[in-house]
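What follows is a short report on a single structure.
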Protein chains: 2
Amino acid sequence: MDGAITAKAKPDARKRLLDAAMQAIRTQGYSATSVDDICRAAGLTKGAFFHHFKSKEELAVAAAAHFSAMAEVLFASAAYRKLGDPLDRLLGYVDFRGAILDGPIPEFTCLLGTMVQEAYATSPAIRRACDTYIGAHAAEVAKDIAAAKALYAPRAEWSAESVALYTQAVLQGAFILAKAKNGNAIARDCVAHLRRYLELLFDRHNQEEE
Amino acid sequence: MDGAITAKAKPDARKRLLDAAMQAIRTQGYSATSVDDICRAAGLTKGAFFHHFKSKEELAVAAAAHFSAMAEVLFASAAYRKLGDPLDRLLGYVDFRGAILDGPIPEFTCLLGTMVQEAYATSPAIRRACDTYIGAHAAEVAKDIAAAKALYAPRAEWSAESVALYTQAVLQGAFILAKAKNGNAIARDCVAHLRRYLELLFDRHNQEEE
DNA sequence: TCATAAATACCGACCGGTTGGTATGTTGAC
DNA sequence: GTCAACATACCAACCGGTCGGTATTTATGA
């Protein structure tokens, strides 16, 4: 008679720590977030923390995986995924990224981009984790780009992988500007430019007739 | 018979602190960089540090200004600035941004983007400074974009300011990917996409004849 | 011109608080 | 009784910042 009823009480301490870490790191950054901060937010003590994670660094790596898994679910279940045409799916993806730029900044920014910026030179493990999960997400996007390219721009000189990574760069940059300006309007603007770029890349107008 | 001969001895302690801070923060991030780190790198002690800056936060704001001033000189004296056509200057700017993506990552990444990512929520002063200087640089770029637009795309629906900020977002995102992948090749790729986008925006092909 | 006062630049020991991490319980399920 | 899951107490190192003191430069004024 339990397991699902206990509401918020015990949804797994490990998950609570990861959620708290995600939130805190996206708000304050990795270095500025202390283990105590995370424990406090999760309603646990250090004993629990170091029972589940060998070190703060290991938590960061696990949080990157956690974030990536959450994102995977979010995008996999989004409506645009059901579209039949790959170009529609690609533009649907971009529109979806624009649509979720809502609410407080820490809730739509990317944990991976935030962490790798601080840790790339000091923690190889964190850098590698962020690279891996950013790359995995880009690879998903690249699938649709590759399919759309085969259909609508088979002779274009750019690669699907390169364009996919570019979309991620634009988003990461949009997050930074949103943080600087303390508002998400600029981020939406950036996504709109990204959409126009993709439209232009796939516009038959720009391809030599043969 | 001195003043210029004393080599490295005394090029102003304040400047040495700012230079050391720039280097350290671009490598490790703001929070992970301690005041002692900066002092050690500058060959000074804490006494000197807190003589020149009231707090670590004040140093960060000063470092942002210092970085911005350095960048201003760099871009103002670049060769592309002498081009007569505004579109040539704009594309020259982008090519220049691609050309300086060289050497170790901390040497071509942006202090402002790095700091604002960590401090936007905790230090209004730092956030404001980063926003100001990013905006100022974008405004410079926007000048050429506006002139180019007047010449080549007067009816386009996008604004020069929006495109200018987008260029900065792409660069910031490119830096993040470079950090994740631990190499600058991806950043060059992003700049190439940005260039293509600008070319497409200004390509007469894409504008309705009237 | 030169003593001297006053401001500036810098040193380095020190402070209270916080850091990541450890060592040692306590508790409850199987 | 054993073991995972946590709590509690604690530690050395480090954090940003202060403070009293000392060189060095600059301003002053007779």
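Each chain of the structure tokens is named A, B, ... in the order shown, its residues numbered from 1; ligands are numbered from 1 in display order.
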Would you give me, as an NGL selection string, the residues of chain A that come within 9 Å of chain C, using only C-alpha atoms (C1' of nucleotides)?
:A and (34-35 or 50 or 55-56)
How would the residues just picked look written out with C-alpha atoms as an mmCIF file, in the first residue's frame?
```
data_model
loop_
_atom_site.group_PDB
_atom_site.id
_atom_site.type_symbol
_atom_site.label_atom_id
_atom_site.label_comp_id
_atom_site.auth_asym_id
_atom_site.auth_seq_id
_atom_site.Cartn_x
_atom_site.Cartn_y
_atom_site.Cartn_z
ATOM 1 C CA SER A 34 28.590 23.348 -2.693
ATOM 2 C CA VAL A 35 27.810 19.815 -1.650
ATOM 3 C CA PHE A 50 28.783 10.561 -0.201
ATOM 4 C CA SER A 55 32.929 12.835 -4.986
ATOM 5 C CA LYS A 56 31.399 16.074 -6.144
#
```
Show me, as a ChimeraX atom specification, the residues of chain B whose atoms get within 12 Å of chain D, using only C-alpha atoms (C1' of nucleotides) for the distance check.
/B:31-37,46-47,49-51,53-57
Please identify every residue of chain A that has at least one atom no farther than 9 Å from an atom of chain B, counting only C-alpha atoms, and for each give the shortest atom pair and the distance in Å to one decimal, arranged by chain then increasing number, as a tab-separated table.
```
residue	atom	partner	partner_atom	distance
A:Ile25	CA	B:Glu118	CA	8.9
A:Arg26	CA	B:Glu118	CA	8.6
A:Thr27	CA	B:Ala121	CA	6.4
A:Gln28	CA	B:Glu118	CA	5.7
A:Gly29	CA	B:Glu118	CA	4.9
A:Tyr30	CA	B:Glu118	CA	8.1
A:Ser31	CA	B:Ala32	CA	5.6
A:Ala32	CA	B:Ser31	CA	5.6
A:Leu112	CA	B:Ala180	CA	8.9
A:Gly113	CA	B:Ile176	CA	6.3
A:Thr114	CA	B:Gln117	CA	6.7
A:Val116	CA	B:Ala180	CA	5.9
A:Gln117	CA	B:Ile176	CA	6.1
A:Glu118	CA	B:Gly29	CA	4.9
A:Ala119	CA	B:Gln28	CA	6.6
A:Tyr120	CA	B:Lys179	CA	5.8
A:Ala121	CA	B:Thr27	CA	6.3
A:Thr122	CA	B:Gln28	CA	6.8
A:Arg127	CA	B:Ala180	CA	5.7
A:Arg128	CA	B:Ala180	CA	7.1
A:Ala129	CA	B:Ala180	CA	8.7
A:Cys130	CA	B:Ala180	CA	6.4
A:Asp131	CA	B:Ala180	CA	4.8
A:Thr132	CA	B:Ala180	CA	8.6
A:Ile134	CA	B:Ala180	CA	8.4
A:Trp158	CA	B:His193	CA	8.9
A:Ser162	CA	B:Asp189	CA	7.1
A:Val163	CA	B:His193	CA	7.7
A:Leu165	CA	B:Cys190	CA	8.1
A:Tyr166	CA	B:Cys190	CA	5.6
A:Gln168	CA	B:Gly173	CA	7.5
A:Ala169	CA	B:Gly173	CA	4.0
A:Val170	CA	B:Val170	CA	5.0
A:Leu171	CA	B:Gly173	CA	7.0
A:Gln172	CA	B:Gly173	CA	4.8
A:Gly173	CA	B:Gly173	CA	4.0
A:Ala174	CA	B:Ala169	CA	5.4
A:Phe175	CA	B:Ala169	CA	8.3
A:Ile176	CA	B:Gln117	CA	6.1
A:Leu177	CA	B:Ala169	CA	6.5
A:Lys179	CA	B:Tyr120	CA	5.8
A:Ala180	CA	B:Asp131	CA	4.8
A:Lys181	CA	B:Asp131	CA	6.0
A:Asn182	CA	B:Tyr120	CA	7.5
A:Ile186	CA	B:Leu165	CA	8.2
A:Ala187	CA	B:Ala169	CA	8.8
A:Asp189	CA	B:Ser162	CA	7.1
A:Cys190	CA	B:Tyr166	CA	5.6
A:His193	CA	B:Tyr166	CA	7.3
A:Leu194	CA	B:Tyr197	CA	8.9
A:Arg196	CA	B:Tyr197	CA	8.6
A:Tyr197	CA	B:Tyr197	CA	5.7
A:Leu198	CA	B:Tyr197	CA	8.9
A:Leu200	CA	B:Leu200	CA	7.1
A:Leu201	CA	B:Tyr197	CA	8.6
A:His205	CA	B:His205	CA	7.8
A:Asn206	CA	B:His205	CA	8.0
```
Surrounding residues of Ala139 (chain A) excluding itself and chain neighbours under 3 positions, 8 Å, only C-alpha atoms (C1' of nucleotides), as number ranges by chain
A: 135-136, 142-143, 161, 164
Write out, as a short mmCIF file (atom, residue, chain, number, x, y, z; two decimals), in the first residue's frame, the residues just selected, with N, CA and C atoms.
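out-v8.cif was written with the following content:
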```cif
data_model
loop_
_atom_site.label_atom_id
_atom_site.label_comp_id
_atom_site.auth_asym_id
_atom_site.auth_seq_id
_atom_site.Cartn_x
_atom_site.Cartn_y
_atom_site.Cartn_z
N GLY A 135 26.88 15.66 -27.85
CA GLY A 135 27.05 14.96 -29.12
C GLY A 135 25.92 14.00 -29.42
N ALA A 136 25.43 13.32 -28.38
CA ALA A 136 24.33 12.37 -28.58
C ALA A 136 23.06 13.08 -29.02
N ALA A 142 20.79 15.28 -36.09
CA ALA A 142 21.47 15.04 -37.37
C ALA A 142 20.73 14.00 -38.22
N LYS A 143 20.06 13.08 -37.54
CA LYS A 143 19.30 12.07 -38.30
C LYS A 143 18.27 12.72 -39.21
N GLU A 161 25.88 16.41 -39.84
CA GLU A 161 26.47 16.47 -38.51
C GLU A 161 26.90 17.90 -38.16
N ALA A 164 23.92 20.01 -37.46
CA ALA A 164 23.33 19.63 -36.17
C ALA A 164 24.11 20.25 -35.02
#
```
With DSSP run on the backbone, what are the alpha helix (DSSP H) residues within region 54-120 of chain A? I'd like them as a PyMOL selection string.
chain A and resi 56-76+86-99+111-119
Gap from CA of Glu157 (chain B) to CA of Ala153 (chain A) - Å, one decimal:
25.3 Å
